[in-house]
Structures are given as C-alpha cells and as structure tokens.
Amino acid sequence: MPYPEIRPRRLRRNAAVRRLVAETRVAPSDLVLPMFVKEGLTEPRPVACMPGVVQHSRESLRKAAVEAVQAGVGGIMLFGVPAERDATGSGGIDPGGILNVAIRDVVSEVGDATVVMSDLCLDEFTSHGHCGLLTPDGGVDNDATLAAYAEMAVAQATAGVGMVGPSGMMDGQVGVVRRALDAAGHQDVAVLAYAVKYASAFFGPFRDAVESCLDGDRRTYQQDPANVRESLREVELDVAEGADLVMVKPALPYLDVVAAVRASVDVPVAAYQVSGEYAMVEAAAANGWVDRERVMLETLTSIRRAGAQIILTYWAVEAAGLLRDGR
C-alpha cells in the first residue's frame with residue numbers, strides 16, 4: 001500500500017502510544033544487584049573506577065540489601081573481599097569467611113523477600129588471583145578445583161544462600177556443584193551457571209573492586225571472544241549437568257550471544273552488565289557526553305530485547321526507581 005496510507009509514525013506520536021505498543025519491557029524484578037563486602041571495614045569504601053559503587057561493611061551491606069528489596073529488585077549477588085588470601089582460597093570455604101558471613105547477614109535481614117545469590121569462585125580468595133587451584137607449573141588444575149567448588153557450594157548453602165553462581169569456567173563445575181548440594185541436603189538451592197564467560201577486557205574495574213591479585217590472565221579457562229558455537233556448547237553442557245539458569249557475561253558486547261543462547265535453551269537466561277560497561281557510561285556521563293539515565297535504561301532494554309530474562313547490573317536499584325516512575 002503506497003504512502004500516505006501506511007504511516008508507522010502514528011504509533012510513535014506520543015509517550016502513551018509508545019508505552020502501549022512497546023515490544024520489550026524491563027521490570028525491577030528482572031534486575032539483580034551485584035554487591036561487594038570487604039572484611040574489616042567499618043564503613044563503605046567507594047570503588048574509584050566505578051562511581052556510585054562501594055565495598056560494603058557488614059552493616060552497610062545489610063542496609064543496602066533492605067534498600068534493594070524496597071526498590072523491588074529481583075535479586076542480590078554477593079562477592080566477598082577477604083582481608084587475607086592464600087594459595088588455595090580457603091577463605092571461600094571457611095564458614096567464618098567474609099562471603100559466608102555476608103550471606104548469613106543478608107539472609108537474616110531480608111529473608112525470602114529477594115533472591116540472595118553468591119559468587120562461587122576462588123579468585124577473590126586466592127593469593128594468585130586465579131579461579132582455581134594451581135598445578136606445580138602454574139596452570140589451573142581443573143579437577144582439583146572442582147573439589148574445592150563442591151566444598152564452597154555446601155558452605156554457601158549452609159550459610160543460607162538461595163542460589164549459587166559457579167563462575168570459574170572449570171569443565172564439569174555445574175555437575176559437581178549440583179551433586180554436592182544434593183548430597184548435603186540442599187536440593188532447593190538453585191544453580192545459576194556462568195555458562196558463557198568470555199576472557200574480556202571489560203572486567204577491569206571489577207578486579208579493582210575485589211582487589212584482585214591476578215598474576216597472568218584467564219584465557220585458558222574463560223572463553224575466546226571470537227567464538228559463538230563454543231558458547232552454545234558450554235551452555236548445552238551446563239544445562240545437561242543440572243543448571244537451573246544460564247548466564248552470559250559480559251552483556252552489551254555479546255548481545256548476539258545472548259540471543260543465540262536464548263534460542264537454544266528452555267531455562268531462564270541471564271546476562272551480566274559488567275563493570276567495564278557500567279564504568280564507560282558513568283565516565284561519558286560525567287563528561288557530559290551522554291544522557292546518563294537514558295543510556296542506562298537503553299542498555300538494559302537492549303539486553304532484555306536480546307533475550308535475557310534476568311540482568312545483573314550495578315544500576316539495579318536506581319534503574320528500578322526510574323522504571324517505577326515510567327521512564
């Protein structure tokens with residue numbers, strides 16, 4: 001039918017019409033807030049390269065968790081920053097380690113009002129900064145690391161976590177974690193598999209936030225940014241091993257991968273809008289180069305549009321408020 005009978009602009013004429021016909025919506029409950037807690041702090045400590053993000057004390061973490069619940073976010077993902085590290089990352093397994101203590105703190109504060117999740121990886125707790133135990137020649141020992149992950153999963157579940165996030169990219173990690181949880185009587189604890197985690201330069205600010213001691217890189221276990229089919233194979237394996245949800249990390253540079261994963265599985269798909277994505281927008285906004293709130297919501301919408309049902313983002317609480325206000 002020729003112009004002017006076809007006028008698509010009719011459905012863009014004002015905000016009310018645009019809301020009515022919107023194909024993609026982001027809700028506060030789609031968002032998960034990553035939070036850092038540092039052992040020994042008495043007050044929050046700002047993360048310089050991530051404006052607005054802090055390393056929490058135990059007390060400030062409790063308060064921030066309540067604020068997140070009040071904002072309506074769907075979940076909280078906890079990361080621990082220990083005062084001391086060792087070669088085996090024993091602080092991640094220790095019931096008195098900062099992450100397990102933080103899990104208990106948050107669960108006691110908010111209960112089931114939101115999903116309390118925890119990062120299940122050794123990198124924050126090892127003196128070498130790798131995600132697993134090392135062989136004598138300095139490589140990462142996959143199978144020895146799996147045994148440590150199993151212990152760590154049970155420790156986190158015992159502390160009360162509702163969902164564990166194995167993120168180390170070890171072969172077989174989901175199956176080992178699932179079996180360990182079940183054997184310890186934690187059948188109800190869900191597994192959010194970091195099924196697709198690329199060896200990305202976008203993780204840089206996060207490593208400052210957790211005070212990473214990484215020596216070298218993680219390219220032998222995190223995935224090659226050039227590959228998609230490899231990612232789909234990883235997802236297939238994780239689902240077969242018992243993953244309840246799967247995640248793609250980072251998000252924005254890999255929206256094609258998010259879409260491909262969504263098309264390949266029937267479990268919920270998450271994406272992690274990582275520290276580098278966040279920091280770039282904050283830096284551009286601080287220089288007046290972009291409209292911060294519009295870019296924030298546009299990025300979240302793009303991730304949701306690509307197929308992620310769940311989005312981990314450092315903007316979770318602020319974005320939830322904007323979404324409630326109809327922005």
# chains A, B, ... in the order shown; residues from 1 in each chain; ligands from 1
$ residues_around --residues "region 272-284 of chain A" --least-positions-apart "2" --cutoff "9 Å" --atoms "only C-alpha atoms" --output "MDAnalysis selection string"
chainID A and resid 32 49:51 201:207 247:253 270 286:292 295:296 299:300 303 310:315
$ residues_around --residues "region 10-15 of chain A" --least-positions-apart "6" --cutoff "12 Å" --atoms "only C-alpha atoms" --output "number ranges by chain"
A: 4, 21-22, 326-327
$ write_last_selection --atoms "N, CA, C and O atoms" --output "compact mmCIF listing (two decimals), in the first residue's frame"
# COMPACT_ATOMS: atom_id res chain seq x y z
N PRO A 4 0.29 7.94 1.26
CA PRO A 4 0.40 8.09 2.72
C PRO A 4 -0.48 7.13 3.52
O PRO A 4 -0.69 7.35 4.70
N VAL A 21 2.42 0.19 22.77
CA VAL A 21 2.88 -0.74 21.74
C VAL A 21 4.30 -1.23 21.96
O VAL A 21 4.86 -1.93 21.12
N ALA A 22 4.90 -0.88 23.09
CA ALA A 22 6.28 -1.30 23.35
C ALA A 22 6.40 -2.82 23.31
O ALA A 22 5.61 -3.54 23.93
N GLY A 326 8.07 5.26 35.38
CA GLY A 326 7.61 5.25 33.99
C GLY A 326 8.57 5.85 33.01
O GLY A 326 8.16 6.28 31.92
N ARG A 327 9.85 5.90 33.34
CA ARG A 327 10.84 6.48 32.42
C ARG A 327 11.03 5.58 31.20
O ARG A 327 10.86 4.38 31.27
$ residues_around --residues "Asp266 (chain A)" --least-positions-apart "2" --cutoff "10 Å" --atoms "only C-alpha atoms" --output "number ranges by chain"
A: 239, 244-245, 261-264, 268-269
$ write_last_selection --atoms "all heavy atoms" --output "PDB file, in the first residue's frame"
ATOM      1  N   VAL A 239      23.461 -27.109  31.064  1.00  0.00           N
ATOM      2  CA  VAL A 239      22.062 -27.497  31.252  1.00  0.00           C
ATOM      3  C   VAL A 239      21.965 -29.007  31.493  1.00  0.00           C
ATOM      4  O   VAL A 239      21.223 -29.465  32.371  1.00  0.00           O
ATOM      5  CB  VAL A 239      21.214 -27.066  30.038  1.00  0.00           C
ATOM      6  CG1 VAL A 239      19.804 -27.653  30.132  1.00  0.00           C
ATOM      7  CG2 VAL A 239      21.139 -25.545  29.954  1.00  0.00           C
ATOM      8  N   ASP A 244      20.051 -24.592  36.619  1.00  0.00           N
ATOM      9  CA  ASP A 244      18.669 -24.115  36.654  1.00  0.00           C
ATOM     10  C   ASP A 244      18.494 -22.868  35.800  1.00  0.00           C
ATOM     11  O   ASP A 244      17.396 -22.600  35.295  1.00  0.00           O
ATOM     12  CB  ASP A 244      18.278 -23.802  38.099  1.00  0.00           C
ATOM     13  CG  ASP A 244      18.337 -25.034  38.982  1.00  0.00           C
ATOM     14  OD1 ASP A 244      17.474 -25.914  38.818  1.00  0.00           O
ATOM     15  OD2 ASP A 244      19.256 -25.130  39.817  1.00  0.00           O
ATOM     16  N   LEU A 245      19.550 -22.085  35.682  1.00  0.00           N
ATOM     17  CA  LEU A 245      19.588 -20.886  34.849  1.00  0.00           C
ATOM     18  C   LEU A 245      20.984 -20.825  34.237  1.00  0.00           C
ATOM     19  O   LEU A 245      21.948 -21.379  34.788  1.00  0.00           O
ATOM     20  CB  LEU A 245      19.350 -19.606  35.653  1.00  0.00           C
ATOM     21  CG  LEU A 245      18.196 -19.510  36.635  1.00  0.00           C
ATOM     22  CD1 LEU A 245      18.593 -20.053  38.008  1.00  0.00           C
ATOM     23  CD2 LEU A 245      17.743 -18.056  36.795  1.00  0.00           C
ATOM     24  N   VAL A 261      21.872 -17.934  22.768  1.00  0.00           N
ATOM     25  CA  VAL A 261      21.639 -18.780  23.939  1.00  0.00           C
ATOM     26  C   VAL A 261      20.148 -18.882  24.230  1.00  0.00           C
ATOM     27  O   VAL A 261      19.613 -19.969  24.489  1.00  0.00           O
ATOM     28  CB  VAL A 261      22.412 -18.241  25.160  1.00  0.00           C
ATOM     29  CG1 VAL A 261      21.982 -18.956  26.439  1.00  0.00           C
ATOM     30  CG2 VAL A 261      23.910 -18.390  24.945  1.00  0.00           C
ATOM     31  N   ARG A 262      19.447 -17.744  24.163  1.00  0.00           N
ATOM     32  CA  ARG A 262      18.007 -17.748  24.422  1.00  0.00           C
ATOM     33  C   ARG A 262      17.291 -18.699  23.459  1.00  0.00           C
ATOM     34  O   ARG A 262      16.349 -19.412  23.857  1.00  0.00           O
ATOM     35  CB  ARG A 262      17.468 -16.327  24.273  1.00  0.00           C
ATOM     36  CG  ARG A 262      15.950 -16.162  24.363  1.00  0.00           C
ATOM     37  CD  ARG A 262      15.390 -16.472  25.729  1.00  0.00           C
ATOM     38  NE  ARG A 262      15.323 -17.927  26.002  1.00  0.00           N
ATOM     39  CZ  ARG A 262      15.147 -18.444  27.203  1.00  0.00           C
ATOM     40  NH1 ARG A 262      15.031 -17.691  28.264  1.00  0.00           N
ATOM     41  NH2 ARG A 262      15.098 -19.752  27.358  1.00  0.00           N
ATOM     42  N   ALA A 263      17.740 -18.736  22.216  1.00  0.00           N
ATOM     43  CA  ALA A 263      17.093 -19.592  21.221  1.00  0.00           C
ATOM     44  C   ALA A 263      17.433 -21.063  21.401  1.00  0.00           C
ATOM     45  O   ALA A 263      16.730 -21.925  20.858  1.00  0.00           O
ATOM     46  CB  ALA A 263      17.504 -19.141  19.816  1.00  0.00           C
ATOM     47  N   SER A 264      18.464 -21.354  22.183  1.00  0.00           N
ATOM     48  CA  SER A 264      18.941 -22.735  22.259  1.00  0.00           C
ATOM     49  C   SER A 264      18.508 -23.487  23.502  1.00  0.00           C
ATOM     50  O   SER A 264      18.663 -24.707  23.566  1.00  0.00           O
ATOM     51  CB  SER A 264      20.473 -22.755  22.166  1.00  0.00           C
ATOM     52  OG  SER A 264      21.071 -22.261  23.354  1.00  0.00           O
ATOM     53  N   PRO A 268      15.738 -20.275  32.142  1.00  0.00           N
ATOM     54  CA  PRO A 268      15.905 -18.822  32.130  1.00  0.00           C
ATOM     55  C   PRO A 268      17.335 -18.428  31.777  1.00  0.00           C
ATOM     56  O   PRO A 268      18.302 -19.092  32.149  1.00  0.00           O
ATOM     57  CB  PRO A 268      15.561 -18.428  33.577  1.00  0.00           C
ATOM     58  CG  PRO A 268      14.670 -19.522  34.058  1.00  0.00           C
ATOM     59  CD  PRO A 268      15.190 -20.766  33.430  1.00  0.00           C
ATOM     60  N   VAL A 269      17.449 -17.311  31.054  1.00  0.00           N
ATOM     61  CA  VAL A 269      18.746 -16.791  30.609  1.00  0.00           C
ATOM     62  C   VAL A 269      19.002 -15.458  31.299  1.00  0.00           C
ATOM     63  O   VAL A 269      18.142 -14.570  31.316  1.00  0.00           O
ATOM     64  CB  VAL A 269      18.785 -16.606  29.083  1.00  0.00           C
ATOM     65  CG1 VAL A 269      20.090 -15.939  28.650  1.00  0.00           C
ATOM     66  CG2 VAL A 269      18.623 -17.950  28.378  1.00  0.00           C
TER      67      VAL A 269
END
$ select_by_dssp --residues "region 72-296 of chain A" --states "strand (DSSP E)" --output "PyMOL selection string"
chain A and resi 75-81+115-120+163-166+190-197+245-249+269-272
$ write_last_selection --atoms "N, CA and C atoms" --output "mmCIF file, in the first residue's frame"
data_model
loop_
_atom_site.group_PDB
_atom_site.id
_atom_site.type_symbol
_atom_site.label_atom_id
_atom_site.label_comp_id
_atom_site.auth_asym_id
_atom_site.auth_seq_id
_atom_site.Cartn_x
_atom_site.Cartn_y
_atom_site.Cartn_z
ATOM 1 N N GLY A 75 16.955 -9.720 42.765
ATOM 2 C CA GLY A 75 17.949 -10.484 43.500
ATOM 3 C C GLY A 75 19.166 -9.658 43.850
ATOM 4 N N ILE A 76 20.020 -10.254 44.675
ATOM 5 C CA ILE A 76 21.285 -9.664 45.104
ATOM 6 C C ILE A 76 22.363 -10.713 44.882
ATOM 7 N N MET A 77 23.458 -10.336 44.231
ATOM 8 C CA MET A 77 24.593 -11.231 44.037
ATOM 9 C C MET A 77 25.756 -10.743 44.889
ATOM 10 N N LEU A 78 26.229 -11.577 45.805
ATOM 11 C CA LEU A 78 27.239 -11.180 46.768
ATOM 12 C C LEU A 78 28.639 -11.637 46.358
ATOM 13 N N PHE A 79 29.605 -10.731 46.531
ATOM 14 C CA PHE A 79 31.021 -11.013 46.320
ATOM 15 C C PHE A 79 31.775 -10.620 47.588
ATOM 16 N N GLY A 80 32.677 -11.479 48.042
ATOM 17 C CA GLY A 80 33.438 -11.200 49.246
ATOM 18 C C GLY A 80 34.851 -10.751 48.932
ATOM 19 N N VAL A 81 35.352 -9.819 49.743
ATOM 20 C CA VAL A 81 36.731 -9.341 49.626
ATOM 21 C C VAL A 81 37.417 -9.617 50.968
ATOM 22 N N VAL A 115 15.929 -12.792 46.049
ATOM 23 C CA VAL A 115 16.769 -13.981 45.888
ATOM 24 C C VAL A 115 18.204 -13.605 46.261
ATOM 25 N N VAL A 116 18.716 -14.231 47.296
ATOM 26 C CA VAL A 116 20.094 -13.989 47.714
ATOM 27 C C VAL A 116 20.992 -14.986 46.978
ATOM 28 N N MET A 117 21.912 -14.435 46.189
ATOM 29 C CA MET A 117 22.812 -15.237 45.363
ATOM 30 C C MET A 117 24.241 -14.992 45.810
ATOM 31 N N SER A 118 25.127 -15.924 45.491
ATOM 32 C CA SER A 118 26.535 -15.744 45.839
ATOM 33 C C SER A 118 27.425 -16.225 44.713
ATOM 34 N N ASP A 119 28.513 -15.486 44.505
ATOM 35 C CA ASP A 119 29.512 -15.903 43.540
ATOM 36 C C ASP A 119 30.239 -17.123 44.086
ATOM 37 N N LEU A 120 30.336 -18.154 43.251
ATOM 38 C CA LEU A 120 31.001 -19.383 43.665
ATOM 39 C C LEU A 120 32.270 -19.515 42.823
ATOM 40 N N MET A 163 20.765 -19.222 45.863
ATOM 41 C CA MET A 163 21.234 -19.549 44.519
ATOM 42 C C MET A 163 22.737 -19.339 44.463
ATOM 43 N N VAL A 164 23.475 -20.326 43.955
ATOM 44 C CA VAL A 164 24.916 -20.196 43.802
ATOM 45 C C VAL A 164 25.242 -19.943 42.337
ATOM 46 N N GLY A 165 26.311 -19.167 42.123
ATOM 47 C CA GLY A 165 26.729 -18.826 40.770
ATOM 48 C C GLY A 165 28.136 -19.288 40.485
ATOM 49 N N PRO A 166 28.327 -20.557 40.095
ATOM 50 C CA PRO A 166 29.670 -21.014 39.751
ATOM 51 C C PRO A 166 30.188 -20.276 38.520
ATOM 52 N N ALA A 190 19.370 -23.321 44.101
ATOM 53 C CA ALA A 190 19.457 -23.310 42.637
ATOM 54 C C ALA A 190 20.876 -22.986 42.168
ATOM 55 N N VAL A 191 21.173 -23.380 40.934
ATOM 56 C CA VAL A 191 22.478 -23.124 40.325
ATOM 57 C C VAL A 191 22.306 -22.200 39.121
ATOM 58 N N LEU A 192 22.862 -21.011 39.249
ATOM 59 C CA LEU A 192 22.938 -20.069 38.124
ATOM 60 C C LEU A 192 24.304 -20.252 37.486
ATOM 61 N N ALA A 193 24.357 -20.928 36.361
ATOM 62 C CA ALA A 193 25.629 -21.259 35.726
ATOM 63 C C ALA A 193 26.147 -20.084 34.907
ATOM 64 N N TYR A 194 27.365 -19.660 35.213
ATOM 65 C CA TYR A 194 28.065 -18.742 34.314
ATOM 66 C C TYR A 194 28.513 -19.584 33.129
ATOM 67 N N ALA A 195 27.571 -19.900 32.258
ATOM 68 C CA ALA A 195 27.840 -20.840 31.176
ATOM 69 C C ALA A 195 28.689 -20.214 30.077
ATOM 70 N N VAL A 196 28.504 -18.921 29.871
ATOM 71 C CA VAL A 196 29.231 -18.194 28.828
ATOM 72 C C VAL A 196 29.932 -17.018 29.485
ATOM 73 N N LYS A 197 31.219 -17.171 29.719
ATOM 74 C CA LYS A 197 32.004 -16.114 30.347
ATOM 75 C C LYS A 197 33.276 -15.923 29.539
ATOM 76 N N LEU A 245 19.550 -22.085 35.682
ATOM 77 C CA LEU A 245 19.588 -20.886 34.849
ATOM 78 C C LEU A 245 20.984 -20.825 34.237
ATOM 79 N N VAL A 246 21.112 -20.117 33.114
ATOM 80 C CA VAL A 246 22.426 -19.920 32.500
ATOM 81 C C VAL A 246 22.647 -18.430 32.273
ATOM 82 N N MET A 247 23.926 -18.031 32.257
ATOM 83 C CA MET A 247 24.237 -16.612 32.132
ATOM 84 C C MET A 247 25.321 -16.365 31.089
ATOM 85 N N VAL A 248 25.195 -15.191 30.439
ATOM 86 C CA VAL A 248 26.198 -14.689 29.511
ATOM 87 C C VAL A 248 26.871 -13.479 30.145
ATOM 88 N N LYS A 249 28.206 -13.442 30.091
ATOM 89 C CA LYS A 249 28.965 -12.361 30.706
ATOM 90 C C LYS A 249 30.195 -12.097 29.852
ATOM 91 N N VAL A 269 17.449 -17.311 31.054
ATOM 92 C CA VAL A 269 18.746 -16.791 30.609
ATOM 93 C C VAL A 269 19.002 -15.458 31.299
ATOM 94 N N ALA A 270 20.184 -15.327 31.871
ATOM 95 C CA ALA A 270 20.621 -14.084 32.499
ATOM 96 C C ALA A 270 21.790 -13.503 31.713
ATOM 97 N N ALA A 271 22.024 -12.212 31.904
ATOM 98 C CA ALA A 271 23.205 -11.558 31.341
ATOM 99 C C ALA A 271 23.744 -10.595 32.389
ATOM 100 N N TYR A 272 25.053 -10.490 32.444
ATOM 101 C CA TYR A 272 25.723 -9.647 33.444
ATOM 102 C C TYR A 272 26.273 -8.410 32.740
#
$ closest_residue --among "A:Asp30, A:Asp217, A:Glu109, A:Glu151" --to "His128 (chain A)" --atoms "only C-alpha atoms"
A:Asp217
$ closest_residue --among "A:Val189, A:Ala240, A:Ala226, A:Ala153" --to "Val257 (chain A)" --atoms "only C-alpha atoms"
A:Ala226
$ closest_residue --among "A:Arg218, A:Glu318, A:Gly40, A:Phe125" --to "Gln70 (chain A)" --atoms "only C-alpha atoms"
A:Glu318
$ closest_residue --among "A:Val110, A:Ser231, A:Cys213, A:Ala64" --to "Gly129 (chain A)" --atoms "only C-alpha atoms"
A:Cys213
$ closest_residue --among "A:Glu211, A:Ser60, A:Thr114, A:Ile93" --to "Ser29 (chain A)" --atoms "only C-alpha atoms"
A:Thr114
$ atom_distance --atom1 "CA of Leu297 (chain A)" --atom2 "CA of Glu67 (chain A)"
19.9 Å
$ closest_atom_pairs --of "region 59-94 of chain A" --to "region 140-146 of chain A" --cutoff "12 Å" --atoms "only C-alpha atoms" --output "CSV"
residue,atom,partner,partner_atom,distance
A:Ala87,CA,A:Val140,CA,11.7
A:Thr88,CA,A:Thr145,CA,9.0
A:Gly89,CA,A:Thr145,CA,10.2
A:Ser90,CA,A:Thr145,CA,11.7
$ closest_residue --among "A:Val177, A:Leu122, A:Ala199, A:Leu20" --to "Gly242 (chain A)" --atoms "only C-alpha atoms"
A:Val177
$ atom_distance --atom1 "CA of Met35 (chain A)" --atom2 "CA of Cys131 (chain A)"
18.9 Å
$ residues_around --residues "Ala180 (chain A)" --least-positions-apart "6" --cutoff "10 Å" --atoms "only C-alpha atoms" --output "list in words"
Ala147, Tyr149, Ala150, Glu151, Met152, Ala153, Val154, Val174, His186 and Gln187 of chain A
$ write_last_selection --atoms "all heavy atoms" --output "mmCIF file, in the first residue's frame"
data_model
loop_
_atom_site.group_PDB
_atom_site.id
_atom_site.type_symbol
_atom_site.label_atom_id
_atom_site.label_comp_id
_atom_site.auth_asym_id
_atom_site.auth_seq_id
_atom_site.Cartn_x
_atom_site.Cartn_y
_atom_site.Cartn_z
ATOM 1 N N ALA A 147 36.762 -30.019 43.255
ATOM 2 C CA ALA A 147 36.569 -30.476 44.632
ATOM 3 C C ALA A 147 36.411 -29.287 45.578
ATOM 4 O O ALA A 147 35.588 -29.307 46.501
ATOM 5 C CB ALA A 147 37.748 -31.354 45.058
ATOM 6 N N TYR A 149 35.270 -26.297 44.679
ATOM 7 C CA TYR A 149 33.967 -25.700 44.389
ATOM 8 C C TYR A 149 32.844 -26.438 45.110
ATOM 9 O O TYR A 149 31.868 -25.827 45.569
ATOM 10 C CB TYR A 149 33.698 -25.717 42.886
ATOM 11 C CG TYR A 149 34.444 -24.701 42.068
ATOM 12 C CD1 TYR A 149 35.348 -23.810 42.635
ATOM 13 C CD2 TYR A 149 34.252 -24.630 40.687
ATOM 14 C CE1 TYR A 149 36.038 -22.892 41.873
ATOM 15 C CE2 TYR A 149 34.925 -23.712 39.918
ATOM 16 C CZ TYR A 149 35.821 -22.841 40.496
ATOM 17 O OH TYR A 149 36.497 -21.933 39.725
ATOM 18 N N ALA A 150 32.946 -27.761 45.171
ATOM 19 C CA ALA A 150 31.917 -28.540 45.854
ATOM 20 C C ALA A 150 31.843 -28.140 47.330
ATOM 21 O O ALA A 150 30.750 -27.931 47.876
ATOM 22 C CB ALA A 150 32.223 -30.030 45.721
ATOM 23 N N GLU A 151 32.991 -27.997 47.966
ATOM 24 C CA GLU A 151 33.011 -27.576 49.372
ATOM 25 C C GLU A 151 32.470 -26.160 49.526
ATOM 26 O O GLU A 151 31.725 -25.864 50.477
ATOM 27 C CB GLU A 151 34.436 -27.633 49.907
ATOM 28 C CG GLU A 151 35.012 -29.012 50.089
ATOM 29 C CD GLU A 151 36.373 -28.952 50.754
ATOM 30 O OE1 GLU A 151 36.426 -28.606 51.952
ATOM 31 O OE2 GLU A 151 37.375 -29.216 50.073
ATOM 32 N N MET A 152 32.846 -25.303 48.606
ATOM 33 C CA MET A 152 32.407 -23.910 48.674
ATOM 34 C C MET A 152 30.892 -23.814 48.510
ATOM 35 O O MET A 152 30.221 -23.041 49.208
ATOM 36 C CB MET A 152 33.123 -23.102 47.589
ATOM 37 C CG MET A 152 33.038 -21.602 47.740
ATOM 38 S SD MET A 152 34.108 -20.789 46.515
ATOM 39 C CE MET A 152 33.907 -19.071 47.025
ATOM 40 N N ALA A 153 30.340 -24.609 47.596
ATOM 41 C CA ALA A 153 28.891 -24.600 47.375
ATOM 42 C C ALA A 153 28.146 -25.011 48.638
ATOM 43 O O ALA A 153 27.151 -24.383 49.024
ATOM 44 C CB ALA A 153 28.534 -25.532 46.221
ATOM 45 N N VAL A 154 28.625 -26.051 49.297
ATOM 46 C CA VAL A 154 27.962 -26.521 50.511
ATOM 47 C C VAL A 154 28.081 -25.479 51.620
ATOM 48 O O VAL A 154 27.123 -25.235 52.364
ATOM 49 C CB VAL A 154 28.548 -27.876 50.946
ATOM 50 C CG1 VAL A 154 27.992 -28.288 52.311
ATOM 51 C CG2 VAL A 154 28.236 -28.944 49.904
ATOM 52 N N VAL A 174 29.286 -27.364 37.015
ATOM 53 C CA VAL A 174 27.872 -27.369 37.386
ATOM 54 C C VAL A 174 27.461 -28.727 37.941
ATOM 55 O O VAL A 174 26.780 -28.817 38.973
ATOM 56 C CB VAL A 174 26.994 -26.973 36.180
ATOM 57 C CG1 VAL A 174 25.512 -27.206 36.493
ATOM 58 C CG2 VAL A 174 27.226 -25.517 35.813
ATOM 59 N N HIS A 186 20.806 -29.954 50.280
ATOM 60 C CA HIS A 186 20.447 -28.618 49.805
ATOM 61 C C HIS A 186 19.848 -28.684 48.397
ATOM 62 O O HIS A 186 20.218 -27.927 47.501
ATOM 63 C CB HIS A 186 21.674 -27.707 49.811
ATOM 64 C CG HIS A 186 22.271 -27.491 51.162
ATOM 65 N ND1 HIS A 186 21.598 -26.846 52.179
ATOM 66 C CD2 HIS A 186 23.480 -27.855 51.682
ATOM 67 C CE1 HIS A 186 22.360 -26.802 53.262
ATOM 68 N NE2 HIS A 186 23.508 -27.408 52.986
ATOM 69 N N GLN A 187 18.884 -29.590 48.232
ATOM 70 C CA GLN A 187 18.274 -29.764 46.913
ATOM 71 C C GLN A 187 17.554 -28.514 46.411
ATOM 72 O O GLN A 187 17.384 -28.333 45.206
ATOM 73 C CB GLN A 187 17.286 -30.934 46.942
ATOM 74 C CG GLN A 187 17.935 -32.291 47.183
ATOM 75 C CD GLN A 187 18.023 -32.658 48.651
ATOM 76 O OE1 GLN A 187 17.878 -31.794 49.532
ATOM 77 N NE2 GLN A 187 18.244 -33.931 48.941
#
$ residues_around --residues "Ile103 (chain A)" --least-positions-apart "3" --cutoff "7 Å" --atoms "only C-alpha atoms" --output "ChimeraX atom specification"
/A:99-100,106-107,159-161
$ write_last_selection --atoms "N, CA and C atoms" --output "PDB file, in the first residue's frame"
ATOM      1  N   LEU A  99      32.525 -13.962  52.815  1.00  0.00           N
ATOM      2  CA  LEU A  99      31.378 -14.181  51.941  1.00  0.00           C
ATOM      3  C   LEU A  99      30.301 -14.993  52.638  1.00  0.00           C
ATOM      4  N   ASN A 100      30.689 -16.032  53.341  1.00  0.00           N
ATOM      5  CA  ASN A 100      29.689 -16.851  54.035  1.00  0.00           C
ATOM      6  C   ASN A 100      29.040 -16.088  55.186  1.00  0.00           C
ATOM      7  N   VAL A 106      22.817 -11.103  55.197  1.00  0.00           N
ATOM      8  CA  VAL A 106      21.782 -10.636  54.269  1.00  0.00           C
ATOM      9  C   VAL A 106      20.517 -11.482  54.387  1.00  0.00           C
ATOM     10  N   VAL A 107      20.686 -12.786  54.482  1.00  0.00           N
ATOM     11  CA  VAL A 107      19.506 -13.659  54.613  1.00  0.00           C
ATOM     12  C   VAL A 107      18.749 -13.352  55.899  1.00  0.00           C
ATOM     13  N   ALA A 159      25.179 -21.504  54.786  1.00  0.00           N
ATOM     14  CA  ALA A 159      25.016 -20.127  55.264  1.00  0.00           C
ATOM     15  C   ALA A 159      23.644 -19.565  54.935  1.00  0.00           C
ATOM     16  N   GLY A 160      22.919 -20.214  54.011  1.00  0.00           N
ATOM     17  CA  GLY A 160      21.549 -19.805  53.725  1.00  0.00           C
ATOM     18  C   GLY A 160      21.290 -19.242  52.356  1.00  0.00           C
ATOM     19  N   VAL A 161      22.267 -19.304  51.453  1.00  0.00           N
ATOM     20  CA  VAL A 161      22.079 -18.716  50.131  1.00  0.00           C
ATOM     21  C   VAL A 161      20.977 -19.454  49.366  1.00  0.00           C
TER      22      VAL A 161
END
$ decode --residues "region 219-230 of chain A" --atoms "N, CA and C atoms" --output "compact mmCIF listing (two decimals), in the first residue's frame"
# COMPACT_ATOMS: atom_id res chain seq x y z
N ARG A 219 42.81 -16.85 30.06
CA ARG A 219 42.40 -17.28 28.73
C ARG A 219 42.37 -18.78 28.55
N THR A 220 42.99 -19.52 29.47
CA THR A 220 42.93 -20.98 29.33
C THR A 220 41.63 -21.55 29.86
N TYR A 221 40.82 -20.75 30.55
CA TYR A 221 39.54 -21.28 31.02
C TYR A 221 38.35 -20.39 30.67
N GLN A 222 38.51 -19.08 30.62
CA GLN A 222 37.43 -18.25 30.10
C GLN A 222 37.45 -18.30 28.57
N GLN A 223 36.33 -17.94 27.95
CA GLN A 223 36.16 -18.21 26.53
C GLN A 223 36.74 -17.12 25.62
N ASP A 224 37.02 -17.54 24.41
CA ASP A 224 37.57 -16.66 23.38
C ASP A 224 36.45 -15.75 22.85
N PRO A 225 36.65 -14.41 22.91
CA PRO A 225 35.60 -13.50 22.41
C PRO A 225 35.23 -13.71 20.95
N ALA A 226 36.04 -14.43 20.20
CA ALA A 226 35.74 -14.65 18.79
C ALA A 226 34.70 -15.73 18.55
N ASN A 227 34.36 -16.51 19.59
CA ASN A 227 33.58 -17.73 19.38
C ASN A 227 32.15 -17.63 19.88
N VAL A 228 31.24 -18.20 19.09
CA VAL A 228 29.83 -18.33 19.48
C VAL A 228 29.45 -19.80 19.63
N ARG A 229 29.81 -20.62 18.65
CA ARG A 229 29.44 -22.04 18.73
C ARG A 229 30.00 -22.68 20.01
N GLU A 230 31.20 -22.30 20.38
CA GLU A 230 31.79 -22.80 21.61
C GLU A 230 30.90 -22.46 22.81
